[in-house]
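Trainee: Okay, handing you the structure first.
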Amino acid sequence: MTQTTTPDTLIHDVHWEIDYKVRLGQAWTRFMRGLQNKELWATRTNDGARTYLPPQTYDEATFEPISEWVQLEPVGTLRASTIVYQGFEGGPTAPYAVGAIQIDGTDSLLMHFIGGVDLTDPDSARAQLRSGTRVRAVWADERTAKITDIVHFAVEA
């Protein structure tokens with residue numbers, strides 16, 4: 001069955017303004033405190049089979065608790081990316097790039113901004129943001145235990 005858009009398709013204007021607080025828990029609190037100190041912390045399963053970043057308190061494959069922490073270098077490989085052309089209130093100014101990054105030594109992906117890429121030339125930007133590109137964290141000068149303590153990941157030359 002094929003569905004097409006017709007002139008009578010509804011369009012709704014939606015405006016969200018949400019203020020909320022999130023209790024991070026032990027794993028995310030340790031992770032964020034590490035970022036504040038320019039440290040990247042992950043959790044490793046007790047059998048050493050998987051390393052999670054962002055950190056997990058349990059193994060997603062076995063549901064066993066995780067207690068081991070490992071510090072990692074803030075470098076990795078871009079596995080997927082997109083360029084965002086439509087911004088939103090409270091967010092970064094578009095265009096900007098977002099990527100799924102596999103930090104070296106991990107088995108999961110960290111979503112974060114990718115910076116240092118000229119997004120005004122879409123073909124060049126796509127070439128720089130291809131899967132397999134190496135990236136490195138760029139730290140904020142002032143860090144406050146938030147994910148934005150890493151300003152973005154920069155493409156390595």
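Each chain in the structure tokens gets a letter, A, B and so on, in the order shown; residues start at 1 in every chain, and ligands are counted from 1 in the order they appear.
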Output as a ChimeraX atom specification all residues of chain A that backbone DSSP marks as helix (DSSP H, G or I).
Mentor: /A:25-36,122-128,147-149
Trainee: What's the 9 Å shell around Gln128 in chain A, counting only C-alpha atoms, without same-chain residues fewer than 4 positions away, as a ChimeraX atom specification?
Mentor: /A:117,123-124,133,155
Trainee: Any chance you could export the current selection's N, CA and C atoms as a PDB file, in the first residue's frame?
Mentor:
```pdb
ATOM      1  N   VAL A 117      34.273  20.845  11.211  1.00  0.00           N
ATOM      2  CA  VAL A 117      33.979  20.465   9.835  1.00  0.00           C
ATOM      3  C   VAL A 117      33.195  21.600   9.194  1.00  0.00           C
ATOM      4  N   ASP A 123      29.081  18.293   0.271  1.00  0.00           N
ATOM      5  CA  ASP A 123      29.854  17.157  -0.246  1.00  0.00           C
ATOM      6  C   ASP A 123      31.140  16.955   0.549  1.00  0.00           C
ATOM      7  N   SER A 124      31.830  18.052   0.832  1.00  0.00           N
ATOM      8  CA  SER A 124      33.061  17.970   1.617  1.00  0.00           C
ATOM      9  C   SER A 124      32.752  17.505   3.043  1.00  0.00           C
ATOM     10  N   THR A 133      35.850   7.400  10.231  1.00  0.00           N
ATOM     11  CA  THR A 133      36.664   8.583  10.500  1.00  0.00           C
ATOM     12  C   THR A 133      37.077   8.595  11.971  1.00  0.00           C
ATOM     13  N   VAL A 155      37.450  15.860  14.022  1.00  0.00           N
ATOM     14  CA  VAL A 155      38.017  14.906  13.086  1.00  0.00           C
ATOM     15  C   VAL A 155      39.546  15.000  13.177  1.00  0.00           C
TER      16      VAL A 155
END
```
Trainee: So, with only C-alpha atoms as the atoms that count, which of A:Pro65, A:Pro54, A:Pro122, A:Gly90 lies closest to Thr106 in chain A?
Mentor: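 Using only C-alpha atoms, the shortest distance to Thr106 in chain A belongs to A:Pro54.
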Trainee: Considering only C-alpha atoms, give me a table of residues in range 34-112 of chain A that are at most 7 Å from range 135-145 of chain A, with the closest atom pair and distance in Å for each, as JSON lines.
Mentor:
```
{"residue": "A:Leu35", "atom": "CA", "partner": "A:Ala145", "partner_atom": "CA", "distance": 6.0}
{"residue": "A:Gln36", "atom": "CA", "partner": "A:Ala145", "partner_atom": "CA", "distance": 4.6}
{"residue": "A:Lys38", "atom": "CA", "partner": "A:Trp139", "partner_atom": "CA", "distance": 6.9}
{"residue": "A:Pro74", "atom": "CA", "partner": "A:Ala137", "partner_atom": "CA", "distance": 5.4}
{"residue": "A:Val75", "atom": "CA", "partner": "A:Arg136", "partner_atom": "CA", "distance": 4.3}
{"residue": "A:Gly76", "atom": "CA", "partner": "A:Val135", "partner_atom": "CA", "distance": 5.5}
{"residue": "A:Thr77", "atom": "CA", "partner": "A:Val135", "partner_atom": "CA", "distance": 6.0}
{"residue": "A:Leu78", "atom": "CA", "partner": "A:Val135", "partner_atom": "CA", "distance": 6.7}
```
Trainee: Could the residues in this selection be written to a file with all heavy atoms, as a PDB file, in the first residue's frame?
Mentor:
```
ATOM      1  N   LEU A  35      34.149  13.642  33.352  1.00  0.00           N
ATOM      2  CA  LEU A  35      34.219  14.650  32.290  1.00  0.00           C
ATOM      3  C   LEU A  35      34.693  15.992  32.848  1.00  0.00           C
ATOM      4  O   LEU A  35      35.476  16.692  32.205  1.00  0.00           O
ATOM      5  CB  LEU A  35      32.855  14.824  31.619  1.00  0.00           C
ATOM      6  CG  LEU A  35      32.304  13.625  30.852  1.00  0.00           C
ATOM      7  CD1 LEU A  35      30.940  13.971  30.249  1.00  0.00           C
ATOM      8  CD2 LEU A  35      33.262  13.148  29.790  1.00  0.00           C
ATOM      9  N   GLN A  36      34.219  16.331  34.022  1.00  0.00           N
ATOM     10  CA  GLN A  36      34.628  17.585  34.652  1.00  0.00           C
ATOM     11  C   GLN A  36      36.141  17.632  34.852  1.00  0.00           C
ATOM     12  O   GLN A  36      36.749  18.699  34.801  1.00  0.00           O
ATOM     13  CB  GLN A  36      33.897  17.751  35.985  1.00  0.00           C
ATOM     14  CG  GLN A  36      34.076  19.104  36.623  1.00  0.00           C
ATOM     15  CD  GLN A  36      33.197  19.265  37.852  1.00  0.00           C
ATOM     16  OE1 GLN A  36      32.757  18.294  38.469  1.00  0.00           O
ATOM     17  NE2 GLN A  36      32.943  20.505  38.218  1.00  0.00           N
ATOM     18  N   LYS A  38      38.291  16.075  32.814  1.00  0.00           N
ATOM     19  CA  LYS A  38      38.873  15.667  31.527  1.00  0.00           C
ATOM     20  C   LYS A  38      39.237  14.186  31.517  1.00  0.00           C
ATOM     21  O   LYS A  38      40.260  13.774  30.987  1.00  0.00           O
ATOM     22  CB  LYS A  38      40.114  16.500  31.172  1.00  0.00           C
ATOM     23  CG  LYS A  38      39.857  17.935  30.846  1.00  0.00           C
ATOM     24  CD  LYS A  38      41.178  18.577  30.420  1.00  0.00           C
ATOM     25  CE  LYS A  38      40.993  19.905  29.777  1.00  0.00           C
ATOM     26  NZ  LYS A  38      42.275  20.479  29.327  1.00  0.00           N
ATOM     27  N   PRO A  74      40.127   9.740  25.171  1.00  0.00           N
ATOM     28  CA  PRO A  74      38.944  10.311  24.522  1.00  0.00           C
ATOM     29  C   PRO A  74      39.065  10.361  22.993  1.00  0.00           C
ATOM     30  O   PRO A  74      38.905  11.406  22.369  1.00  0.00           O
ATOM     31  CB  PRO A  74      38.869  11.705  25.139  1.00  0.00           C
ATOM     32  CG  PRO A  74      40.292  12.058  25.418  1.00  0.00           C
ATOM     33  CD  PRO A  74      40.965  10.756  25.803  1.00  0.00           C
ATOM     34  N   VAL A  75      39.356   9.223  22.405  1.00  0.00           N
ATOM     35  CA  VAL A  75      39.464   9.102  20.949  1.00  0.00           C
ATOM     36  C   VAL A  75      38.653   7.896  20.498  1.00  0.00           C
ATOM     37  O   VAL A  75      38.464   6.943  21.251  1.00  0.00           O
ATOM     38  CB  VAL A  75      40.928   8.953  20.476  1.00  0.00           C
ATOM     39  CG1 VAL A  75      41.742  10.190  20.783  1.00  0.00           C
ATOM     40  CG2 VAL A  75      41.572   7.727  21.084  1.00  0.00           C
ATOM     41  N   GLY A  76      38.178   7.964  19.259  1.00  0.00           N
ATOM     42  CA  GLY A  76      37.396   6.848  18.769  1.00  0.00           C
ATOM     43  C   GLY A  76      37.142   6.943  17.279  1.00  0.00           C
ATOM     44  O   GLY A  76      37.781   7.722  16.563  1.00  0.00           O
ATOM     45  N   THR A  77      36.177   6.152  16.847  1.00  0.00           N
ATOM     46  CA  THR A  77      35.838   6.044  15.440  1.00  0.00           C
ATOM     47  C   THR A  77      34.380   6.418  15.231  1.00  0.00           C
ATOM     48  O   THR A  77      33.501   5.920  15.939  1.00  0.00           O
ATOM     49  CB  THR A  77      36.066   4.592  14.957  1.00  0.00           C
ATOM     50  OG1 THR A  77      37.431   4.247  15.221  1.00  0.00           O
ATOM     51  CG2 THR A  77      35.784   4.454  13.474  1.00  0.00           C
ATOM     52  N   LEU A  78      34.160   7.286  14.266  1.00  0.00           N
ATOM     53  CA  LEU A  78      32.811   7.688  13.899  1.00  0.00           C
ATOM     54  C   LEU A  78      32.155   6.521  13.173  1.00  0.00           C
ATOM     55  O   LEU A  78      32.695   6.013  12.196  1.00  0.00           O
ATOM     56  CB  LEU A  78      32.889   8.929  13.006  1.00  0.00           C
ATOM     57  CG  LEU A  78      31.618   9.682  12.716  1.00  0.00           C
ATOM     58  CD1 LEU A  78      30.984  10.197  13.996  1.00  0.00           C
ATOM     59  CD2 LEU A  78      31.920  10.847  11.777  1.00  0.00           C
TER      60      LEU A  78
END
```
Trainee: Can you tell me how far CA of Thr57 in chain A sits from CA of Ser81 in chain A, in Å to one decimal?
Mentor: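 Between CA of Thr57 in chain A and CA of Ser81 in chain A the gap works out to 26.9 Å.
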Trainee: Taking into account only C-alpha atoms, which residue in the set A:Asp107, A:Asp118, A:Asp13, A:Glu156 is nearest to Gln56 in chain A?
Mentor: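 Looking only at the distances to Gln56 in chain A, the closest residue turns out to be A:Asp107.
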Trainee: Could you work out how far CA of Ile101 in chain A lies from CA of Tyr52 in chain A, giving the answer in Å with one decimal?
Mentor: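 A separation of 12.1 Å between them.
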Trainee: Go ahead and compute the interatomic distance for CA of Thr148 in chain A and CA of Arg126 in chain A, in Å to one decimal.
Mentor: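 CA of Arg126 in chain A lies 23.7 Å from CA of Thr148 in chain A.
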Trainee: Need the shell around Ile83 in chain A: protein/DNA/RNA residues with any atom at most 10 Å away, counting only C-alpha atoms. Skip same-chain ones fewer than 3 positions apart. Format as a list of chain:residue names?
Mentor: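 Non-adjacent residues within range: A:Gln86, A:Ala94, A:Pro95, A:Tyr96, A:Ala97, A:Val98, A:Gly99, A:Phe113, A:Ile114, A:Leu119, A:Pro122, A:Ala125, A:Arg126, A:Leu129.
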